[in-house]
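> So here's structure_5.txt, just compact mmCIF, C-alpha atoms:
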```txt
# COMPACT_ATOMS: atom_id res chain seq x y z
CA MET A 1 -100.01 163.91 38.01
CA LYS A 2 -103.07 164.94 40.06
CA ARG A 3 -103.98 161.27 40.32
CA PHE A 4 -100.45 160.60 41.69
CA TYR A 5 -100.93 163.22 44.44
CA VAL A 6 -104.35 161.84 45.38
CA ILE A 7 -103.10 158.25 45.61
CA VAL A 8 -100.03 159.13 47.70
CA LEU A 9 -101.83 161.47 50.09
CA ALA A 10 -104.76 159.08 50.54
CA SER A 11 -102.37 156.20 51.28
CA MET A 12 -100.47 158.29 53.83
CA PHE A 13 -103.73 159.35 55.52
CA VAL A 14 -104.97 155.77 55.88
CA PHE A 15 -101.53 154.65 57.09
CA ALA A 16 -101.33 157.45 59.65
CA MET A 17 -104.76 156.51 61.01
CA LEU A 18 -103.83 152.84 61.38
CA ALA A 19 -100.26 153.24 62.69
CA PRO A 20 -101.11 154.46 66.22
CA MET A 21 -103.40 151.43 66.73
CA GLY A 22 -100.32 149.23 66.95
CA SER A 23 -102.21 145.98 67.24
CA GLY A 24 -103.20 146.19 63.58
CA PHE A 25 -99.53 145.66 62.72
CA GLY A 26 -98.81 143.12 65.43
CA ALA A 27 -96.99 145.78 67.44
CA GLU A 28 -97.29 148.26 70.25
CA GLN A 29 -97.63 152.04 70.27
CA PRO A 30 -95.73 154.64 68.11
CA GLY A 31 -92.41 156.56 68.39
CA SER A 32 -89.95 159.07 67.08
CA HIS A 33 -84.01 159.72 61.81
CA ARG A 34 -82.94 160.25 57.01
CA ILE A 35 -80.54 160.52 55.36
CA THR A 36 -81.39 160.14 54.11
CA GLU A 37 -80.83 159.91 53.62
CA GLU A 38 -81.63 160.34 54.67
CA LYS A 39 -84.44 156.75 55.48
CA PRO A 40 -83.46 158.99 54.91
CA GLY A 41 -83.14 159.42 54.48
CA TYR A 42 -83.37 159.72 55.80
CA THR A 43 -83.61 160.11 57.28
CA GLY A 44 -82.47 158.29 58.56
CA THR A 45 -84.81 158.40 55.85
CA ILE A 46 -89.98 156.70 55.23
CA ALA A 47 -92.36 154.21 54.46
CA GLY A 48 -95.80 153.03 55.21
CA PHE A 49 -94.70 149.65 54.04
CA ASN A 50 -96.06 146.31 55.15
CA GLU A 51 -93.01 144.71 56.71
CA THR A 52 -93.74 141.19 55.47
CA GLY A 53 -90.06 140.34 55.54
CA LEU A 54 -89.72 140.87 59.28
CA PHE A 55 -90.35 138.34 62.01
CA THR A 56 -93.73 138.33 63.75
CA LYS A 57 -92.80 135.90 66.55
CA PRO A 58 -90.09 136.10 69.21
CA TRP A 59 -86.87 134.70 67.80
CA LEU A 60 -84.16 135.91 70.19
CA PRO A 61 -82.70 134.07 73.20
CA ALA A 62 -82.65 135.65 76.62
CA ALA A 63 -80.43 138.69 77.14
CA THR A 64 -78.12 136.65 79.38
CA ASP A 65 -77.56 134.27 76.46
CA ILE A 66 -76.92 137.09 74.01
CA TRP A 67 -74.18 138.72 76.07
CA SER A 68 -71.11 136.59 75.43
CA ASP A 69 -67.53 136.93 74.32
CA ASP A 70 -68.44 135.64 70.87
CA PRO A 71 -67.80 138.50 68.41
CA GLU A 72 -70.01 136.88 65.77
CA GLN A 73 -73.36 138.21 66.90
CA SER A 74 -76.24 138.22 64.42
CA TRP A 75 -76.67 141.61 62.77
CA PHE A 76 -80.24 142.62 63.62
CA LEU A 77 -80.58 141.23 67.11
CA ALA A 78 -82.45 143.50 69.48
CA GLU A 79 -83.93 142.79 72.88
CA ALA A 80 -86.84 145.20 73.01
CA GLU A 81 -89.50 144.23 75.51
CA LYS A 82 -92.54 142.25 74.36
CA GLU A 83 -95.04 140.73 76.73
CA PRO A 84 -95.34 136.94 76.31
CA GLU A 85 -98.64 135.50 75.22
CA GLY A 86 -98.80 133.19 78.20
CA GLU A 87 -97.97 133.80 81.82
CA GLU A 88 -95.73 136.84 82.28
CA LYS A 89 -92.26 136.11 83.60
CA PRO A 90 -91.68 138.00 86.85
CA LEU A 91 -89.05 140.74 86.72
CA SER A 92 -86.18 140.93 89.15
CA PRO A 93 -85.96 144.06 91.35
CA GLU A 94 -82.89 145.14 89.38
CA CYS A 95 -84.73 144.87 86.06
CA MET A 96 -87.68 146.79 87.46
CA GLU A 97 -85.33 149.63 88.39
CA TRP A 98 -83.77 149.63 84.92
CA ARG A 99 -87.24 149.90 83.35
CA LYS A 100 -87.90 153.17 85.18
CA ASP A 101 -84.96 154.97 83.54
CA PRO A 102 -85.66 156.01 79.92
CA ASP A 103 -82.00 157.02 79.52
CA ALA A 104 -80.56 153.81 80.94
CA ASP A 105 -77.31 152.48 79.49
CA LEU A 106 -78.66 149.54 77.50
CA GLY A 107 -75.30 147.80 77.65
CA GLU A 108 -75.64 147.68 81.44
CA VAL A 109 -79.28 146.59 81.08
CA LEU A 110 -78.32 143.63 78.88
CA ARG A 111 -75.36 142.65 81.03
CA ALA A 112 -77.71 142.55 84.04
CA GLY A 113 -79.81 139.95 82.20
CA CYS A 114 -82.68 142.40 81.64
CA GLU A 115 -84.53 143.41 78.50
CA PRO A 116 -84.74 147.06 77.41
CA THR A 117 -88.26 148.36 76.99
CA LEU A 118 -89.64 149.52 73.68
CA ALA A 119 -89.65 153.10 75.02
CA GLN A 120 -85.93 152.82 75.87
CA MET A 121 -85.13 151.51 72.40
CA SER A 122 -87.18 154.28 70.79
CA ARG A 123 -85.32 156.93 72.77
CA LEU A 124 -81.99 155.38 71.81
CA MET A 125 -83.01 155.52 68.13
CA ASP A 126 -83.85 159.23 68.53
CA ASN A 127 -80.14 159.88 69.08
CA PRO A 128 -78.35 160.11 65.69
CA LEU A 129 -75.05 159.48 67.53
CA GLY A 130 -76.34 156.85 69.93
CA ASN A 131 -74.89 153.45 70.76
CA VAL A 132 -77.23 151.70 68.37
CA ALA A 133 -76.88 149.87 65.05
CA MET A 134 -79.58 150.76 62.52
CA TRP A 135 -80.47 149.90 58.95
CA PHE A 136 -82.28 152.82 57.31
CA ASN A 137 -84.48 151.96 54.33
CA GLN A 138 -85.72 155.20 52.79
CA PHE A 139 -87.95 155.55 49.73
CA ASP A 140 -88.37 158.95 48.04
CA ALA A 141 -90.61 160.02 45.18
CA TYR A 142 -89.30 163.38 43.93
CA VAL A 143 -91.72 165.38 41.79
CA LEU A 144 -89.40 167.39 39.51
CA ASN A 145 -90.23 170.56 37.63
CA ASN A 146 -88.49 173.25 35.57
CA GLN A 147 -90.99 176.11 35.34
CA GLU A 148 -88.85 178.27 33.05
CA PHE A 149 -88.29 175.65 30.39
CA ARG A 150 -91.42 173.53 30.49
CA ASP A 151 -94.06 173.46 33.20
CA GLU A 152 -94.26 169.68 33.27
CA GLU A 153 -93.71 167.47 36.28
CA ARG A 154 -91.86 164.18 36.27
CA VAL A 155 -91.22 161.72 39.07
CA GLN A 156 -87.80 160.45 40.11
CA TRP A 157 -87.78 157.45 42.44
CA ASN A 158 -84.97 156.72 44.86
CA TYR A 159 -84.28 154.00 47.40
CA MET A 160 -81.57 154.90 49.90
CA GLY A 161 -80.10 152.35 52.27
CA ILE A 162 -77.97 153.44 55.22
CA LEU A 163 -76.02 151.04 57.43
CA GLN A 164 -75.17 152.90 60.64
CA PHE A 165 -73.00 151.42 63.37
CA PRO A 166 -70.87 152.95 66.14
CA LYS A 167 -67.35 151.80 66.88
CA GLY A 168 -65.81 152.57 70.25
CA ILE A 169 -62.23 153.84 69.97
CA SER A 170 -61.73 154.63 73.67
CA GLU A 171 -63.62 154.70 76.95
CA ASN A 172 -65.24 158.05 76.07
CA TRP A 173 -65.30 158.30 72.28
CA ASN A 174 -67.12 156.63 69.37
CA ILE A 175 -66.84 156.83 65.62
CA ILE A 176 -70.34 156.74 64.13
CA ASN A 177 -70.10 155.09 60.70
CA ARG A 178 -72.66 155.45 57.94
CA ILE A 179 -72.46 153.60 54.63
CA VAL A 180 -75.03 154.97 52.17
CA TYR A 181 -76.08 153.29 48.91
CA ASN A 182 -78.76 154.30 46.40
CA VAL A 183 -80.94 152.73 43.75
CA THR A 184 -82.42 155.43 41.51
CA SER A 185 -85.00 155.52 38.73
CA ALA A 186 -84.60 158.79 36.79
CA PRO A 187 -87.17 160.04 34.23
CA VAL A 188 -84.68 160.22 31.35
CA ASP A 189 -83.38 157.54 28.99
CA GLN A 190 -79.60 157.09 29.14
CA ARG A 191 -79.25 155.72 25.60
CA THR A 192 -81.12 158.66 24.10
CA VAL A 193 -78.98 161.08 26.11
CA ASP A 194 -75.85 159.40 24.75
CA ASN A 195 -77.09 159.90 21.19
CA VAL A 196 -78.23 163.53 21.63
CA PHE A 197 -75.76 165.12 24.05
CA ASP A 198 -72.03 165.36 23.57
CA GLY A 199 -71.10 166.44 27.09
CA ASP A 200 -71.56 165.67 30.74
CA TYR A 201 -74.80 165.20 32.55
CA GLY A 202 -76.17 163.53 35.65
CA ASN A 203 -77.72 164.17 39.00
CA TYR A 204 -76.35 164.54 42.49
CA GLU A 205 -78.23 164.05 45.76
CA GLY A 206 -81.61 164.03 44.03
CA GLN A 207 -80.90 167.13 41.89
CA PRO A 208 -80.63 166.60 38.13
CA LEU A 209 -77.86 168.81 36.72
CA PRO A 210 -77.58 170.25 33.19
CA PRO A 211 -74.55 169.52 31.01
CA SER A 212 -71.76 172.08 31.14
CA ASN A 213 -72.10 172.84 27.41
CA THR A 214 -75.79 173.83 27.50
CA ASP A 215 -78.31 175.44 29.82
CA VAL A 216 -80.84 172.73 29.10
CA ALA A 217 -80.77 169.54 31.16
CA PRO A 218 -81.40 166.25 29.33
CA ILE A 219 -84.42 165.63 31.55
CA ASP A 220 -86.14 168.67 29.98
CA LEU A 221 -85.86 167.30 26.46
CA ILE A 222 -85.84 163.54 26.71
CA GLY A 223 -88.35 161.14 28.18
CA GLY A 224 -88.01 157.50 29.08
CA ARG A 225 -86.51 156.15 32.28
CA THR A 226 -83.18 154.85 33.53
CA THR A 227 -82.97 152.68 36.66
CA GLY A 228 -79.87 151.44 38.41
CA LEU A 229 -77.35 151.85 41.20
CA GLY A 230 -76.46 155.43 42.17
CA ASP A 231 -73.38 156.84 43.88
CA THR A 232 -72.23 155.46 47.24
CA PHE A 233 -71.34 157.57 50.27
CA TYR A 234 -69.50 157.18 53.58
CA VAL A 235 -69.88 159.43 56.63
CA GLY A 236 -67.71 159.05 59.73
CA LEU A 237 -68.36 161.18 62.82
CA LEU A 238 -66.16 161.33 65.94
CA SER A 239 -68.48 161.79 68.91
CA PRO A 240 -68.42 161.54 72.73
CA LYS A 241 -70.16 158.42 74.04
CA LYS A 242 -72.05 160.50 76.60
CA GLY A 243 -74.14 163.56 75.75
CA ILE A 244 -74.18 166.88 77.59
CA LYS A 245 -76.96 166.84 80.19
CA HIS A 246 -79.21 169.89 80.66
CA GLU A 247 -81.15 171.04 83.69
CA GLY A 248 -84.79 170.18 83.41
CA GLY A 249 -84.08 167.10 81.30
CA GLY A 250 -82.71 166.58 77.85
CA SER A 251 -79.20 166.40 76.48
CA SER A 252 -77.09 167.60 73.58
CA VAL A 253 -74.90 165.45 71.34
CA TRP A 254 -72.41 166.44 68.68
CA GLY A 255 -69.99 164.94 66.21
CA LEU A 256 -67.33 166.04 63.71
CA GLY A 257 -65.93 164.07 60.83
CA ILE A 258 -65.57 163.46 57.13
CA ASP A 259 -67.75 162.37 54.25
CA ALA A 260 -66.82 160.78 50.95
CA ALA A 261 -68.67 160.02 47.70
CA PHE A 262 -67.74 157.24 45.29
CA PRO A 263 -68.84 157.12 41.61
CA THR A 264 -70.58 153.75 41.67
CA ALA A 265 -73.54 154.73 39.47
CA THR A 266 -74.33 152.21 36.75
CA ASP A 267 -75.39 155.01 34.34
CA ASP A 268 -74.13 158.56 33.90
CA VAL A 269 -77.54 160.12 34.55
CA LEU A 270 -77.68 158.39 37.94
CA GLY A 271 -74.48 159.81 39.43
CA SER A 272 -71.86 162.53 39.43
CA GLY A 273 -68.99 160.62 37.81
CA LYS A 274 -66.68 162.08 40.47
CA TRP A 275 -64.76 161.06 43.58
CA SER A 276 -65.69 163.64 46.23
CA ALA A 277 -64.98 164.32 49.89
CA GLY A 278 -65.32 167.00 52.55
CA PRO A 279 -66.09 167.77 56.20
CA SER A 280 -69.27 166.95 58.09
CA ALA A 281 -70.73 167.97 61.45
CA LEU A 282 -73.79 167.06 63.47
CA TYR A 283 -75.54 168.60 66.48
CA ALA A 284 -78.76 167.53 68.15
CA TYR A 285 -80.76 168.56 71.20
CA LEU A 286 -82.75 165.63 72.57
CA GLY A 287 -85.33 166.91 75.02
CA PRO A 288 -88.15 165.14 76.82
CA LYS A 289 -90.52 166.23 74.03
CA TRP A 290 -88.57 168.11 71.34
CA LYS A 291 -85.75 166.74 69.19
CA VAL A 292 -83.96 169.38 67.10
CA GLY A 293 -80.73 169.30 65.13
CA GLY A 294 -79.00 168.81 61.82
CA LEU A 295 -76.23 167.13 59.85
CA VAL A 296 -74.26 169.35 57.46
CA GLN A 297 -72.03 167.89 54.74
CA GLN A 298 -69.84 169.56 52.11
CA TYR A 299 -68.54 167.78 49.01
CA TRP A 300 -65.73 168.79 46.64
CA ASP A 301 -64.58 166.52 43.84
CA TYR A 302 -60.91 165.59 43.68
CA ALA A 303 -60.88 162.98 40.90
CA GLY A 304 -63.10 161.36 38.32
CA ASP A 305 -64.35 161.91 34.78
CA SER A 306 -62.85 165.20 33.57
CA ASP A 307 -65.75 165.66 31.13
CA ARG A 308 -68.27 165.77 33.96
CA SER A 309 -69.27 168.89 35.91
CA ASP A 310 -67.30 169.74 39.05
CA VAL A 311 -68.86 168.90 42.40
CA ASN A 312 -69.15 171.68 44.98
CA LEU A 313 -72.26 170.93 46.95
CA MET A 314 -73.58 171.24 50.50
CA ASN A 315 -76.27 169.04 52.02
CA LEU A 316 -77.92 170.12 55.28
CA GLN A 317 -80.34 167.58 56.69
CA TYR A 318 -82.19 169.26 59.53
CA PHE A 319 -84.80 167.66 61.77
CA LEU A 320 -87.52 168.85 64.11
CA TYR A 321 -89.70 166.33 65.94
CA TYR A 322 -92.20 166.46 68.78
CA SER A 323 -92.79 163.30 70.82
CA VAL A 324 -96.49 162.69 71.27
CA SER A 325 -95.68 159.59 73.33
CA ASP A 326 -92.63 157.51 74.15
CA VAL A 327 -92.80 155.82 70.76
CA PHE A 328 -94.72 158.18 68.45
CA SER A 329 -93.52 161.52 67.04
CA ILE A 330 -94.54 164.11 64.48
CA GLY A 331 -92.14 166.32 62.52
CA ALA A 332 -89.84 166.08 59.52
CA MET A 333 -86.23 165.69 58.37
CA PRO A 334 -85.84 167.40 54.94
CA ASN A 335 -82.61 168.02 53.01
CA ILE A 336 -81.50 171.55 52.13
CA ILE A 337 -79.22 171.51 49.06
CA ALA A 338 -76.80 174.28 48.03
CA ASN A 339 -75.19 173.57 44.66
CA TRP A 340 -72.37 176.13 44.57
CA GLU A 341 -71.55 175.30 40.94
CA GLN A 342 -74.82 176.90 39.78
CA ASP A 343 -75.52 180.63 39.57
CA SER A 344 -77.31 182.43 42.40
CA ASP A 345 -80.78 181.82 40.90
CA ASN A 346 -80.23 178.07 40.86
CA THR A 347 -78.15 177.43 43.98
CA TRP A 348 -80.67 176.66 46.69
CA THR A 349 -83.30 173.99 47.25
CA VAL A 350 -85.00 174.57 50.63
CA PRO A 351 -87.83 172.23 51.62
CA ILE A 352 -90.12 172.16 54.64
CA GLY A 353 -92.18 169.17 55.66
CA LEU A 354 -94.40 167.28 58.05
CA GLY A 355 -94.89 163.63 58.87
CA PHE A 356 -94.91 161.01 61.60
CA ASN A 357 -92.85 158.08 62.78
CA THR A 358 -93.56 155.26 65.17
CA THR A 359 -91.49 152.52 66.81
CA VAL A 360 -93.02 149.07 67.20
CA ASN A 361 -91.92 145.51 67.90
CA PHE A 362 -91.82 142.83 65.24
CA GLY A 363 -91.23 139.83 67.43
CA LYS A 364 -88.45 141.23 69.60
CA VAL A 365 -86.97 143.42 66.87
CA PRO A 366 -87.67 147.15 67.39
CA VAL A 367 -88.54 148.77 64.08
CA ARG A 368 -89.24 152.43 63.34
CA PHE A 369 -91.32 153.39 60.36
CA GLY A 370 -92.99 156.55 59.16
CA ALA A 371 -93.97 158.87 56.34
CA GLU A 372 -93.24 162.50 55.49
CA VAL A 373 -94.14 165.02 52.79
CA HIS A 374 -91.66 167.80 51.89
CA TYR A 375 -92.34 170.88 49.76
CA SER A 376 -89.55 173.08 48.37
CA VAL A 377 -90.38 176.67 49.28
CA ILE A 378 -87.16 177.77 47.56
CA ARG A 379 -85.89 175.99 44.46
CA PRO A 380 -83.82 176.71 41.32
CA ASP A 381 -85.39 179.00 38.72
CA SER A 382 -84.19 177.46 35.48
CA ILE A 383 -83.00 173.88 36.13
CA PRO A 384 -85.06 170.85 37.17
CA ALA A 385 -85.51 170.56 40.92
CA PRO A 386 -87.73 168.70 43.40
CA VAL A 387 -91.02 170.48 44.08
CA TRP A 388 -92.45 167.70 46.26
CA ASP A 389 -90.80 164.79 48.01
CA PHE A 390 -92.98 161.94 49.28
CA ARG A 391 -90.78 159.97 51.68
CA PHE A 392 -91.32 156.63 53.42
CA PHE A 393 -88.91 154.78 55.70
CA ILE A 394 -88.43 151.69 57.83
CA ILE A 395 -85.54 151.25 60.30
CA PRO A 396 -84.75 148.01 62.19
CA ALA A 397 -82.37 148.59 65.11
CA ALA A 398 -80.27 146.85 67.75
CA PRO A 399 -78.26 148.13 70.74
CA SER A 400 -74.58 148.18 69.87
CA ALA A 401 -73.94 146.42 73.20
CA LEU A 402 -75.08 143.22 71.49
CA PHE A 403 -72.02 143.33 69.23
CA LYS A 404 -68.71 143.02 71.05
CA TRP A 405 -66.73 144.33 68.04
CA MET A 406 -68.52 147.69 68.29
CA ASP A 407 -67.27 148.35 71.85
```
Could you render the structure from this file as structure tokens?

Amino acid sequence: MKRFYVIVLASMFVFAMLAPMGSGFGAEQPGSHRITEEKPGYTGTIAGFNETGLFTKPWLPAATDIWSDDPEQSWFLAEAEKEPEGEEKPLSPECMEWRKDPDADLGEVLRAGCEPTLAQMSRLMDNPLGNVAMWFNQFDAYVLNNQEFRDEERVQWNYMGILQFPKGISENWNIINRIVYNVTSAPVDQRTVDNVFDGDYGNYEGQPLPPSNTDVAPIDLIGGRTTGLGDTFYVGLLSPKKGIKHEGGGSSVWGLGIDAAFPTATDDVLGSGKWSAGPSALYAYLGPKWKVGGLVQQYWDYAGDSDRSDVNLMNLQYFLYYSVSDVFSIGAMPNIIANWEQDSDNTWTVPIGLGFNTTVNFGKVPVRFGAEVHYSVIRPDSIPAPVWDFRFFIIPAAPSALFKWMD
């Protein structure tokens, strides 16, 4: 386990040193989700991953060609600025004026035949309720421990994908949609659990839960590993298209809506076995330097496997970031979990964290990536819970103005 910590921390240190250089990754300077996810999440959202699957050369047409009445726009189109290798194309006076406004309406920018700058795209991605389509890819390594039962740590891996896209429902209102899917690798063998335990078991939002007929979770007794699809979630938030402006710069955004969980896990130990739903709310202050806010979600089960434990759980994903530059930020976005089905000694998991994220161009696709480490300062006393969370994420993005069906 010590070797695991050393490898992860050393990798994050090297990655953090290289990321601000930009040119080492074929990109420009850094910037400031997860739900994460979330990555997220995430989020979203957090990964120092080598994005070999992304384009390294310009592949988009001009903005004037992108803006059309054709509703079938490619999904990850984004017109973030990238200087050409040859002679630079002169900018029109109108485009030069657009470039000066970090809060410019990128729909108007594109319709004027101009390209948004990387800084403008990064600022748009800072807004969790912004007019931007994003694909969060969040990777978490949870180091689990139950000190009361056995002081042994095990690692649970989780990939969380979040497809976020706004949909305009009127001139002033959006619905921000998030579809969340998970692939989990839990440190417990499902077949052995089936042979040993005659009851319910599983995990929910990264927290392994004990069966209802015993105080001992399968993960404490059984080794092995089970990997597969986890539960799927939907979050829909009704939000004003324009934020509330503040004197001295900055704005506030908010949204209210619903969330739903679907029992899509391929194995019992990877999901709740329940259909769940509840309310959700988000608030964020987006200042010139500080970004602060949170997304709170409550889940209650209303259907599903009657032999499985009831779901009554709150997830609060808070974030605090400081913008070092237009495209580079430090901070974190951990998830506070309150499992109301447990007794008071096992209800809360409260992590704090620190990390970085940066926004760069791959070709003309703006991509945000970063890394964070979270430590649970409060965690359950007698059930397995995350002690550490090593999170990595990568988020390609595109202005929603590129997709007519989102307007």
> For the atom pair CA of Pro93 (chain A) and CA of Asn361 (chain A), what is the interatomic distance in Å to one decimal place?
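So the answer is 24.2 Å.
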> Just checking: using only C-alpha atoms, which residue out of A:Gln138, A:Ser309, A:Thr358, A:Thr226 ends up closest to Ser325 (chain A)?
A:Thr358
> Give me, please, the distance in Å between CA of Ser376 (chain A) and CA of Phe393 (chain A), quoted to one decimal.
19.7 Å
> Quick one: distance from CA of Arg99 (chain A) to CA of Pro288 (chain A) in Å, one decimal?
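Separation between CA of Arg99 (chain A) and CA of Pro288 (chain A): 16.6 Å.
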> Skip region 182-190 of chain A itself and residues of its chain fewer than 3 positions away, then list as a ChimeraX atom specification all residues within 8 Å of it, counting all atoms listed in the file.
/A:154-161,193-194,218-219,222-232,267-270
> Using all atoms listed in the file, which protein or nucleic acid residues come within 8 Å of region 252-260 of chain A? Drop anything in the same chain fewer than 2 positions from it, and give the result as a PyMOL selection string.
chain A and resi 127+129+233-240+242-246+250+262+275-286+297-299
